[in-house]
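Structure file query.pdb with PDB, C-alpha atoms:
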```
MODEL        1
ATOM      1  CA  MET X   1     -78.667-165.125  18.565
ATOM      2  CA  THR X   2     -75.111-165.157  19.941
ATOM      3  CA  GLU X   3     -73.833-168.603  20.791
ATOM      4  CA  LYS X   4     -73.122-169.111  24.484
ATOM      5  CA  ILE X   5     -69.691-170.706  24.846
ATOM      6  CA  LYS X   6     -68.168-172.346  27.909
ATOM      7  CA  LEU X   7     -64.414-172.787  28.192
ATOM      8  CA  ILE X   8     -63.307-176.048  29.811
ATOM      9  CA  THR X   9     -59.811-177.232  30.713
ATOM     10  CA  ASP X  10     -57.962-179.483  33.166
ATOM     11  CA  SER X  11     -56.004-178.735  36.328
ATOM     12  CA  THR X  12     -52.628-178.823  34.584
ATOM     13  CA  VAL X  13     -53.486-175.331  33.337
ATOM     14  CA  ASP X  14     -51.776-173.959  36.480
ATOM     15  CA  LEU X  15     -53.684-170.686  36.655
ATOM     16  CA  SER X  16     -54.541-168.608  39.704
ATOM     17  CA  LYS X  17     -58.101-168.563  41.022
ATOM     18  CA  GLU X  18     -58.342-164.954  39.864
ATOM     19  CA  LEU X  19     -57.513-165.884  36.272
ATOM     20  CA  ILE X  20     -59.818-168.907  36.365
ATOM     21  CA  ASP X  21     -62.640-166.630  37.497
ATOM     22  CA  GLU X  22     -61.742-163.968  34.922
ATOM     23  CA  LEU X  23     -61.902-166.529  32.112
ATOM     24  CA  ASP X  24     -64.982-168.195  33.623
ATOM     25  CA  LEU X  25     -63.272-171.557  33.255
ATOM     26  CA  GLU X  26     -64.501-174.943  34.326
ATOM     27  CA  VAL X  27     -61.350-176.710  35.506
ATOM     28  CA  ILE X  28     -61.527-180.488  35.835
ATOM     29  CA  PRO X  29     -58.912-181.898  38.238
ATOM     30  CA  LEU X  30     -56.566-184.751  37.455
ATOM     31  CA  CYS X  31     -56.203-187.512  40.031
ATOM     32  CA  VAL X  32     -53.290-187.997  42.411
ATOM     33  CA  SER X  33     -52.648-191.035  44.596
ATOM     34  CA  TYR X  34     -49.929-192.471  46.799
ATOM     35  CA  GLU X  35     -48.480-195.945  46.520
ATOM     36  CA  GLY X  36     -50.190-198.345  48.921
ATOM     37  CA  SER X  37     -53.183-196.091  49.514
ATOM     38  CA  ASP X  38     -56.693-196.423  48.114
ATOM     39  CA  VAL X  39     -57.337-192.710  48.569
ATOM     40  CA  VAL X  40     -57.551-190.721  45.332
ATOM     41  CA  TYR X  41     -57.053-186.982  45.590
ATOM     42  CA  GLN X  42     -58.096-184.251  43.170
ATOM     43  CA  ASP X  43     -55.328-181.969  41.943
ATOM     44  CA  GLY X  44     -55.789-178.482  43.374
ATOM     45  CA  VAL X  45     -58.890-179.466  45.342
ATOM     46  CA  ASP X  46     -57.767-181.663  48.232
ATOM     47  CA  ILE X  47     -54.078-182.020  47.414
ATOM     48  CA  HIS X  48     -51.508-179.326  46.629
ATOM     49  CA  PRO X  49     -47.804-179.172  45.689
ATOM     50  CA  ILE X  50     -46.653-178.653  49.268
ATOM     51  CA  ASP X  51     -48.391-181.923  50.203
ATOM     52  CA  ILE X  52     -46.440-183.735  47.488
ATOM     53  CA  VAL X  53     -43.118-182.216  48.541
ATOM     54  CA  ASN X  54     -43.774-183.159  52.176
ATOM     55  CA  HIS X  55     -44.665-186.715  51.132
ATOM     56  CA  VAL X  56     -41.522-187.098  49.031
ATOM     57  CA  ASN X  57     -39.395-185.723  51.867
ATOM     58  CA  GLU X  58     -40.939-188.224  54.289
ATOM     59  CA  THR X  59     -41.086-191.335  52.092
ATOM     60  CA  GLY X  60     -38.725-190.747  49.189
ATOM     61  CA  LYS X  61     -41.527-191.770  46.815
ATOM     62  CA  LEU X  62     -43.428-189.771  44.221
ATOM     63  CA  PRO X  63     -47.215-189.865  43.966
ATOM     64  CA  GLU X  64     -48.932-191.207  40.883
ATOM     65  CA  THR X  65     -50.931-188.885  38.652
ATOM     66  CA  SER X  66     -53.639-190.144  36.335
ATOM     67  CA  ALA X  67     -55.615-188.691  33.465
ATOM     68  CA  ILE X  68     -59.256-187.714  33.658
ATOM     69  CA  GLY X  69     -61.564-190.472  32.458
ATOM     70  CA  PRO X  70     -63.860-189.986  29.424
ATOM     71  CA  GLY X  71     -66.916-190.422  31.642
ATOM     72  CA  VAL X  72     -65.977-187.374  33.710
ATOM     73  CA  TYR X  73     -65.602-185.231  30.616
ATOM     74  CA  GLU X  74     -68.846-186.550  29.154
ATOM     75  CA  GLU X  75     -70.778-185.644  32.298
ATOM     76  CA  VAL X  76     -69.376-182.110  32.269
ATOM     77  CA  PHE X  77     -70.042-181.698  28.532
ATOM     78  CA  ASN X  78     -73.651-182.841  28.880
ATOM     79  CA  LYS X  79     -74.216-180.486  31.819
ATOM     80  CA  TRP X  80     -73.328-177.462  29.708
ATOM     81  CA  ILE X  81     -75.116-178.739  26.596
ATOM     82  CA  ASP X  82     -78.272-179.143  28.713
ATOM     83  CA  ASN X  83     -77.908-175.468  29.619
ATOM     84  CA  ASP X  84     -77.755-174.456  25.934
ATOM     85  CA  TYR X  85     -74.017-173.864  25.839
ATOM     86  CA  SER X  86     -71.500-174.780  23.216
ATOM     87  CA  ILE X  87     -68.058-175.748  24.465
ATOM     88  CA  ILE X  88     -64.420-175.086  23.656
ATOM     89  CA  VAL X  89     -62.178-177.518  25.506
ATOM     90  CA  THR X  90     -58.412-177.679  25.718
ATOM     91  CA  GLY X  91     -55.848-178.947  28.198
ATOM     92  CA  ILE X  92     -52.528-180.708  28.434
ATOM     93  CA  GLY X  93     -51.236-181.653  24.984
ATOM     94  CA  SER X  94     -52.102-184.887  23.198
ATOM     95  CA  LEU X  95     -48.489-186.129  23.200
ATOM     96  CA  LEU X  96     -48.021-185.437  26.909
ATOM     97  CA  SER X  97     -51.029-187.135  28.497
ATOM     98  CA  ALA X  98     -53.936-189.480  27.846
ATOM     99  CA  ASN X  99     -56.276-186.610  28.717
ATOM    100  CA  TYR X 100     -56.675-185.549  25.097
ATOM    101  CA  LYS X 101     -57.838-189.025  24.124
ATOM    102  CA  SER X 102     -60.403-188.919  26.947
ATOM    103  CA  ILE X 103     -61.728-185.618  25.618
ATOM    104  CA  VAL X 104     -62.156-187.001  22.093
ATOM    105  CA  ILE X 105     -63.915-190.135  23.360
ATOM    106  CA  ALA X 106     -66.208-188.055  25.558
ATOM    107  CA  LYS X 107     -67.057-185.687  22.711
ATOM    108  CA  ASP X 108     -68.085-188.576  20.470
ATOM    109  CA  SER X 109     -70.229-190.040  23.270
ATOM    110  CA  CYS X 110     -71.973-186.904  24.517
ATOM    111  CA  LYS X 111     -75.475-185.709  23.681
ATOM    112  CA  ASP X 112     -74.449-183.393  20.835
ATOM    113  CA  PRO X 113     -70.845-183.625  19.555
ATOM    114  CA  SER X 114     -71.448-180.673  17.235
ATOM    115  CA  LYS X 115     -71.577-178.440  20.303
ATOM    116  CA  ILE X 116     -67.981-179.225  21.248
ATOM    117  CA  THR X 117     -64.780-177.826  19.764
ATOM    118  CA  VAL X 118     -61.559-179.521  20.872
ATOM    119  CA  ILE X 119     -58.236-177.701  20.606
ATOM    120  CA  ASP X 120     -54.953-179.520  21.211
ATOM    121  CA  SER X 121     -52.679-177.155  23.134
ATOM    122  CA  GLN X 122     -49.614-179.270  22.274
ATOM    123  CA  ASN X 123     -48.273-177.898  25.527
ATOM    124  CA  LEU X 124     -48.643-177.986  29.289
ATOM    125  CA  SER X 125     -48.975-175.904  32.416
ATOM    126  CA  SER X 126     -49.779-172.198  31.962
ATOM    127  CA  ALA X 127     -49.010-172.418  28.241
ATOM    128  CA  THR X 128     -52.554-173.767  28.081
ATOM    129  CA  GLY X 129     -53.553-170.703  30.064
ATOM    130  CA  LEU X 130     -51.981-168.489  27.406
ATOM    131  CA  LEU X 131     -54.001-170.336  24.794
ATOM    132  CA  LEU X 132     -57.200-169.817  26.785
ATOM    133  CA  LEU X 133     -56.510-166.097  27.191
ATOM    134  CA  ASN X 134     -56.148-165.823  23.426
ATOM    135  CA  ILE X 135     -59.309-167.873  22.884
ATOM    136  CA  ARG X 136     -61.177-165.494  25.183
ATOM    137  CA  ASP X 137     -59.880-162.505  23.210
ATOM    138  CA  LEU X 138     -60.876-164.073  19.875
ATOM    139  CA  LEU X 139     -64.398-164.743  21.138
ATOM    140  CA  LYS X 140     -64.664-161.148  22.339
ATOM    141  CA  LYS X 141     -63.829-160.075  18.790
ATOM    142  CA  GLY X 142     -66.784-162.076  17.525
ATOM    143  CA  LYS X 143     -64.912-165.040  16.104
ATOM    144  CA  THR X 144     -66.933-168.236  15.746
ATOM    145  CA  ARG X 145     -65.864-171.519  17.325
ATOM    146  CA  GLU X 146     -64.718-172.732  13.924
ATOM    147  CA  GLU X 147     -62.660-169.590  13.349
ATOM    148  CA  VAL X 148     -61.171-169.820  16.844
ATOM    149  CA  LYS X 149     -60.084-173.408  16.271
ATOM    150  CA  GLU X 150     -58.516-172.601  12.897
ATOM    151  CA  ILE X 151     -56.564-169.646  14.296
ATOM    152  CA  CYS X 152     -55.436-171.607  17.347
ATOM    153  CA  ASP X 153     -54.393-174.709  15.430
ATOM    154  CA  ASN X 154     -52.552-172.889  12.685
ATOM    155  CA  ASP X 155     -51.259-169.729  14.282
ATOM    156  CA  ILE X 156     -51.323-169.566  18.078
ATOM    157  CA  VAL X 157     -50.442-173.080  19.248
ATOM    158  CA  PRO X 158     -47.300-173.320  17.057
ATOM    159  CA  ASN X 159     -46.157-169.941  18.386
ATOM    160  CA  ILE X 160     -46.346-170.665  22.124
ATOM    161  CA  ARG X 161     -42.941-170.901  23.772
ATOM    162  CA  SER X 162     -42.420-172.765  27.064
ATOM    163  CA  SER X 163     -39.137-173.149  28.941
ATOM    164  CA  PHE X 164     -38.668-174.582  32.432
ATOM    165  CA  CYS X 165     -35.564-174.466  34.630
ATOM    166  CA  ILE X 166     -35.160-177.552  36.827
ATOM    167  CA  ASP X 167     -33.530-176.808  40.162
ATOM    168  CA  ARG X 168     -33.118-180.456  41.212
ATOM    169  CA  THR X 169     -33.310-183.660  39.211
ATOM    170  CA  ASP X 170     -34.141-186.135  41.982
ATOM    171  CA  TYR X 171     -37.849-185.966  41.129
ATOM    172  CA  MET X 172     -37.079-186.785  37.505
ATOM    173  CA  VAL X 173     -34.865-189.684  38.613
ATOM    174  CA  LYS X 174     -37.579-191.040  40.916
ATOM    175  CA  GLY X 175     -40.107-190.741  38.091
ATOM    176  CA  GLY X 176     -37.893-192.587  35.623
ATOM    177  CA  ARG X 177     -37.477-189.569  33.355
ATOM    178  CA  CYS X 178     -33.787-189.312  34.095
ATOM    179  CA  SER X 179     -31.305-192.075  34.923
ATOM    180  CA  ALA X 180     -29.729-192.204  38.363
ATOM    181  CA  MET X 181     -26.282-191.846  36.772
ATOM    182  CA  THR X 182     -27.331-188.765  34.821
ATOM    183  CA  GLY X 183     -28.929-187.313  37.933
ATOM    184  CA  PHE X 184     -25.711-187.894  39.893
ATOM    185  CA  PHE X 185     -23.524-186.086  37.363
ATOM    186  CA  VAL X 186     -26.031-183.259  36.973
ATOM    187  CA  LYS X 187     -25.901-182.731  40.732
ATOM    188  CA  MET X 188     -22.109-183.023  40.930
ATOM    189  CA  LEU X 189     -21.607-180.537  38.092
ATOM    190  CA  THR X 190     -24.344-178.219  39.433
ATOM    191  CA  ILE X 191     -26.173-178.329  36.118
ATOM    192  CA  LYS X 192     -29.648-176.788  36.049
ATOM    193  CA  PRO X 193     -31.329-178.420  33.014
ATOM    194  CA  ILE X 194     -33.788-176.478  30.900
ATOM    195  CA  LEU X 195     -36.804-178.263  29.455
ATOM    196  CA  ASN X 196     -38.589-176.890  26.394
ATOM    197  CA  VAL X 197     -41.830-177.939  24.774
ATOM    198  CA  ILE X 198     -41.131-178.506  21.071
ATOM    199  CA  LYS X 199     -43.767-179.839  18.659
ATOM    200  CA  GLY X 200     -45.876-181.083  21.534
ATOM    201  CA  LYS X 201     -43.100-182.927  23.382
ATOM    202  CA  LEU X 202     -40.893-182.107  26.343
ATOM    203  CA  SER X 203     -37.282-181.834  25.187
ATOM    204  CA  LEU X 204     -34.028-181.244  27.045
ATOM    205  CA  GLY X 205     -32.589-177.907  26.065
ATOM    206  CA  LYS X 206     -29.584-176.024  27.359
ATOM    207  CA  LYS X 207     -27.700-177.231  30.435
ATOM    208  CA  PRO X 208     -26.344-174.159  32.229
ATOM    209  CA  ILE X 209     -23.916-174.723  35.097
ATOM    210  CA  GLY X 210     -24.201-172.935  38.414
ATOM    211  CA  SER X 211     -27.087-171.550  40.420
ATOM    212  CA  LEU X 212     -30.763-171.615  39.520
ATOM    213  CA  ASN X 213     -30.482-167.882  38.867
ATOM    214  CA  ASN X 214     -27.949-168.646  36.139
ATOM    215  CA  ALA X 215     -30.460-170.953  34.443
ATOM    216  CA  ILE X 216     -33.133-168.286  34.834
ATOM    217  CA  LYS X 217     -30.869-165.778  33.099
ATOM    218  CA  THR X 218     -30.529-168.292  30.246
ATOM    219  CA  ILE X 219     -34.275-168.585  29.558
ATOM    220  CA  TYR X 220     -34.630-164.818  29.972
ATOM    221  CA  GLN X 221     -31.832-164.201  27.452
ATOM    222  CA  ASP X 222     -33.369-166.701  25.043
ATOM    223  CA  MET X 223     -36.632-164.766  25.174
ATOM    224  CA  MET X 224     -34.832-161.448  24.705
ATOM    225  CA  LYS X 225     -33.170-162.754  21.538
ATOM    226  CA  GLU X 226     -36.602-162.901  19.912
ATOM    227  CA  ILE X 227     -38.317-160.111  21.877
ATOM    228  CA  ALA X 228     -39.079-158.184  18.671
ATOM    229  CA  ASN X 229     -41.314-161.079  17.627
ATOM    230  CA  VAL X 230     -42.954-161.665  21.022
ATOM    231  CA  ASP X 231     -46.633-160.846  21.533
ATOM    232  CA  MET X 232     -46.514-158.373  24.420
ATOM    233  CA  ASN X 233     -50.052-159.024  25.651
ATOM    234  CA  TYR X 234     -49.393-161.884  28.057
ATOM    235  CA  LEU X 235     -46.458-163.481  29.847
ATOM    236  CA  MET X 236     -46.623-166.366  32.311
ATOM    237  CA  ILE X 237     -44.071-167.052  35.043
ATOM    238  CA  THR X 238     -45.015-170.387  36.585
ATOM    239  CA  HIS X 239     -43.148-172.069  39.403
ATOM    240  CA  CYS X 240     -43.236-174.720  42.097
ATOM    241  CA  LEU X 241     -42.614-173.264  45.556
ATOM    242  CA  SER X 242     -39.995-170.882  44.196
ATOM    243  CA  ASP X 243     -41.138-167.379  45.108
ATOM    244  CA  ASP X 244     -37.596-165.952  45.285
ATOM    245  CA  ALA X 245     -36.748-167.218  41.805
ATOM    246  CA  GLU X 246     -40.031-165.867  40.480
ATOM    247  CA  ALA X 247     -39.308-162.439  41.962
ATOM    248  CA  TYR X 248     -35.824-162.521  40.425
ATOM    249  CA  ILE X 249     -36.987-163.155  36.866
ATOM    250  CA  GLU X 250     -40.050-160.934  37.116
ATOM    251  CA  ASP X 251     -37.884-158.018  38.221
ATOM    252  CA  MET X 252     -35.567-158.503  35.217
ATOM    253  CA  ILE X 253     -38.507-158.655  32.846
ATOM    254  CA  ARG X 254     -40.353-155.639  34.232
ATOM    255  CA  ASN X 255     -37.177-153.558  33.982
ATOM    256  CA  THR X 256     -36.619-154.389  30.325
ATOM    257  CA  CYS X 257     -39.936-155.370  28.727
ATOM    258  CA  LYS X 258     -43.338-153.794  28.193
ATOM    259  CA  PHE X 259     -45.716-156.721  28.645
ATOM    260  CA  LYS X 260     -49.316-155.619  29.248
ATOM    261  CA  HIS X 261     -49.948-158.516  31.615
ATOM    262  CA  ILE X 262     -47.401-160.562  33.561
ATOM    263  CA  TYR X 263     -48.964-163.413  35.504
ATOM    264  CA  ASN X 264     -47.209-165.151  38.387
ATOM    265  CA  THR X 265     -48.813-168.587  38.775
ATOM    266  CA  TYR X 266     -48.074-171.671  40.835
ATOM    267  CA  ALA X 267     -47.482-175.059  39.252
ATOM    268  CA  GLY X 268     -50.055-177.653  40.260
ATOM    269  CA  CYS X 269     -49.528-181.190  41.452
ATOM    270  CA  VAL X 270     -48.759-182.669  38.024
ATOM    271  CA  ILE X 271     -45.843-180.377  37.136
ATOM    272  CA  SER X 272     -44.665-180.405  40.755
ATOM    273  CA  SER X 273     -44.560-184.189  41.002
ATOM    274  CA  HIS X 274     -42.733-184.500  37.678
ATOM    275  CA  CYS X 275     -40.156-181.725  38.106
ATOM    276  CA  GLY X 276     -39.985-180.961  41.824
ATOM    277  CA  PRO X 277     -39.704-177.836  43.945
ATOM    278  CA  GLY X 278     -37.686-174.961  42.538
ATOM    279  CA  THR X 279     -38.903-175.537  38.989
ATOM    280  CA  ILE X 280     -39.698-172.260  37.247
ATOM    281  CA  GLY X 281     -40.989-171.610  33.753
ATOM    282  CA  LEU X 282     -41.223-168.700  31.337
ATOM    283  CA  LEU X 283     -44.075-168.935  28.831
ATOM    284  CA  TYR X 284     -45.105-166.528  26.077
ATOM    285  CA  VAL X 285     -46.505-166.340  22.552
ATOM    286  CA  LEU X 286     -44.863-165.079  19.387
ATOM    287  CA  LYS X 287     -46.684-162.482  17.328
ATOM    288  CA  THR X 288     -49.313-163.560  14.854
ATOM    289  CA  ASN X 289     -51.156-161.599  12.178
ATOM    290  CA  LYS X 290     -54.310-163.669  12.351
ATOM    291  CA  LYS X 291     -55.655-162.660  15.746
TER     292      LYS X 291
ENDMDL
END
```
Could you quickly redo this structure as structure tokens?
Amino acid sequence: MTEKIKLITDSTVDLSKELIDELDLEVIPLCVSYEGSDVVYQDGVDIHPIDIVNHVNETGKLPETSAIGPGVYEEVFNKWIDNDYSIIVTGIGSLLSANYKSIVIAKDSCKDPSKITVIDSQNLSSATGLLLLNIRDLLKKGKTREEVKEICDNDIVPNIRSSFCIDRTDYMVKGGRCSAMTGFFVKMLTIKPILNVIKGKLSLGKKPIGSLNNAIKTIYQDMMKEIANVDMNYLMITHCLSDDAEAYIEDMIRNTCKFKHIYNTYAGCVISSHCGPGTIGLLYVLKTNKK
């Protein structure tokens, strides 16, 4: 009898409703709250990036985001186990959030830990979506949960590439991820920093000067330098309230590349509150022989 498998992730996956439905995902929202308020919102359910931008514009203060508690994961795991499902769960990387620790605790506490396979994406945003698309494809090919985990851990996760252009650094300054002095000089010199995910951590990459489009050209050119080694199945363009920038890079890519699927997705509240409006990312996977 074929094992029934449910895919579970968190709201930092930053996928469209259409892709969530296509993958039949259960998406568990992270929590968002404002200083001085007892109200806790659910990312993508009752709070959205535009709400955060409006709040920052009005108050000058960022919201707080918090990880999903182990009890929430345990309840979801048990629900699917009770319905005779096994589970593959992934989400924001273990070095980027406490979410991964919550997943591990919940797995050990649930009704049948053997039913749950945990995969560390070592990434964030729609890079996790790329991982889930590949997991779906592996399952369609008849791979077992154990085989899926081995291929993901050893071959897919290390080959995911994520680069984000930051249009404005004031959100990073407010969040303590960038000093006020650095933020001042970045603004004065019109630098558009690029953040990359390397070995599970966010790292500052190139620092192109000029418009956001110039930074976009930089991440596009970086991808083109290794295009011969890029898996052409899926490409993610993920952004925060930056439709014009998305259209700009998508047009360049469609005119030069032969990706089977290019997905335009919106960053959720977590990425938006950390990096701010105008942020745009390019995410793809390098070729692997083990899929």
>> For the provided coordinates, the residues matched by the PyMOL selection byres ((chain X and resi 267) around 6) should be stated as a PyMOL selection string.
In response: chain X and resi 14+238-240+266+268+271
Please save C-alpha atoms of the selected residues as a JSON list (two decimals), in the frame of the given file.
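Output (result06.json):
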```json
[["chain", "number", "residue", "atom", "x", "y", "z"],
["X", 14, "ASP", "CA", -51.78, -173.96, 36.48],
["X", 238, "THR", "CA", -45.02, -170.39, 36.58],
["X", 239, "HIS", "CA", -43.15, -172.07, 39.40],
["X", 240, "CYS", "CA", -43.24, -174.72, 42.10],
["X", 266, "TYR", "CA", -48.07, -171.67, 40.84],
["X", 268, "GLY", "CA", -50.06, -177.65, 40.26],
["X", 271, "ILE", "CA", -45.84, -180.38, 37.14]]
```
On this structure, which residues satisfy the PyMOL selection byres ((chain X and resi 40) around 12), written as a CSV table (one decimal) with C-alpha atoms, keeping the file's coordinate frame?
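Once everything was written out, this is part-v2.csv:
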```csv
chain,number,residue,atom,x,y,z
X,29,PRO,CA,-58.9,-181.9,38.2
X,30,LEU,CA,-56.6,-184.8,37.5
X,31,CYS,CA,-56.2,-187.5,40.0
X,32,VAL,CA,-53.3,-188.0,42.4
X,33,SER,CA,-52.6,-191.0,44.6
X,34,TYR,CA,-49.9,-192.5,46.8
X,35,GLU,CA,-48.5,-195.9,46.5
X,36,GLY,CA,-50.2,-198.3,48.9
X,37,SER,CA,-53.2,-196.1,49.5
X,38,ASP,CA,-56.7,-196.4,48.1
X,39,VAL,CA,-57.3,-192.7,48.6
X,41,TYR,CA,-57.1,-187.0,45.6
X,42,GLN,CA,-58.1,-184.3,43.2
X,43,ASP,CA,-55.3,-182.0,41.9
X,45,VAL,CA,-58.9,-179.5,45.3
X,46,ASP,CA,-57.8,-181.7,48.2
X,47,ILE,CA,-54.1,-182.0,47.4
X,63,PRO,CA,-47.2,-189.9,44.0
X,64,GLU,CA,-48.9,-191.2,40.9
X,65,THR,CA,-50.9,-188.9,38.7
X,66,SER,CA,-53.6,-190.1,36.3
```
>> Need the shell around Thr2 (chain X): protein/DNA/RNA residues with any atom at most 10 Å away, counting only C-alpha atoms. Skip same-chain ones fewer than 2 positions apart. Format as a VMD selection string?
In response: chain X and resid 4 to 5 142 144
May I have the residues within 12 Å of Asp137 (chain X) as a compact mmCIF listing (two decimals) with C-alpha atoms, in the frame of the given file, using only C-alpha atoms and disregarding those fewer than 2 positions away in the same chain?
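Now in out17.txt:
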```
# COMPACT_ATOMS: atom_id res chain seq x y z
CA GLU X 22 -61.74 -163.97 34.92
CA LEU X 23 -61.90 -166.53 32.11
CA LEU X 130 -51.98 -168.49 27.41
CA LEU X 131 -54.00 -170.34 24.79
CA LEU X 132 -57.20 -169.82 26.78
CA LEU X 133 -56.51 -166.10 27.19
CA ASN X 134 -56.15 -165.82 23.43
CA ILE X 135 -59.31 -167.87 22.88
CA LEU X 139 -64.40 -164.74 21.14
CA LYS X 140 -64.66 -161.15 22.34
CA LYS X 141 -63.83 -160.07 18.79
CA GLY X 142 -66.78 -162.08 17.52
CA LYS X 143 -64.91 -165.04 16.10
CA THR X 144 -66.93 -168.24 15.75
CA VAL X 148 -61.17 -169.82 16.84
CA ILE X 151 -56.56 -169.65 14.30
CA CYS X 152 -55.44 -171.61 17.35
CA ASN X 233 -50.05 -159.02 25.65
CA TYR X 234 -49.39 -161.88 28.06
CA LYS X 291 -55.66 -162.66 15.75
```
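Taking CA of Pro158 (chain X) and CA of Ile87 (chain X) as the two end points, the separation is 22.2 Å.
Distance-wise, CA of Ser163 (chain X) and CA of Asp231 (chain X) end up 16.2 Å apart.
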> When you draw a straight line from CA of Cys110 (chain X) to CA of Ile92 (chain X), how long is it in Å?
Replying inline: 20.8 Å
> Care to translate the PyMOL selection byres ((chain X and resi 168) around 9) into actual residues of this file, as an MDAnalysis selection string?
Replying inline: chainID X and resid 166:167 169:172 183 186:187 191:193 275:279
Need the axis-aligned box for region 49-56 of chain X with 3 Å each side, so what are the centre and edges in Å to one decimal, as JSON?
```
{"center_x": -45.0, "center_y": -182.9, "center_z": 48.9, "size_x": 12.9, "size_y": 14.4, "size_z": 12.5}
```
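Here the residues that fall within 6 Å of (-28.8, -173.6, 32.2), using all atoms listed in the file, are given as Lys192, Pro193, Ile194, Lys206, Lys207, Pro208, Ile209, Ala215 and Thr218 of chain X.
Closest approach to Ala67 (chain X) from the set X:Ile28, X:Ile249, X:Ile262, X:Ile88 is made by X:Ile28, with distances taken over only C-alpha atoms.
All residues of protein, DNA or RNA that reach within 6 Å of Phe164 (chain X), judged by all atoms listed in the file and not counting those fewer than 5 positions away in the chain, are Ile194, Leu195, Ile280 and Gly281 of chain X.
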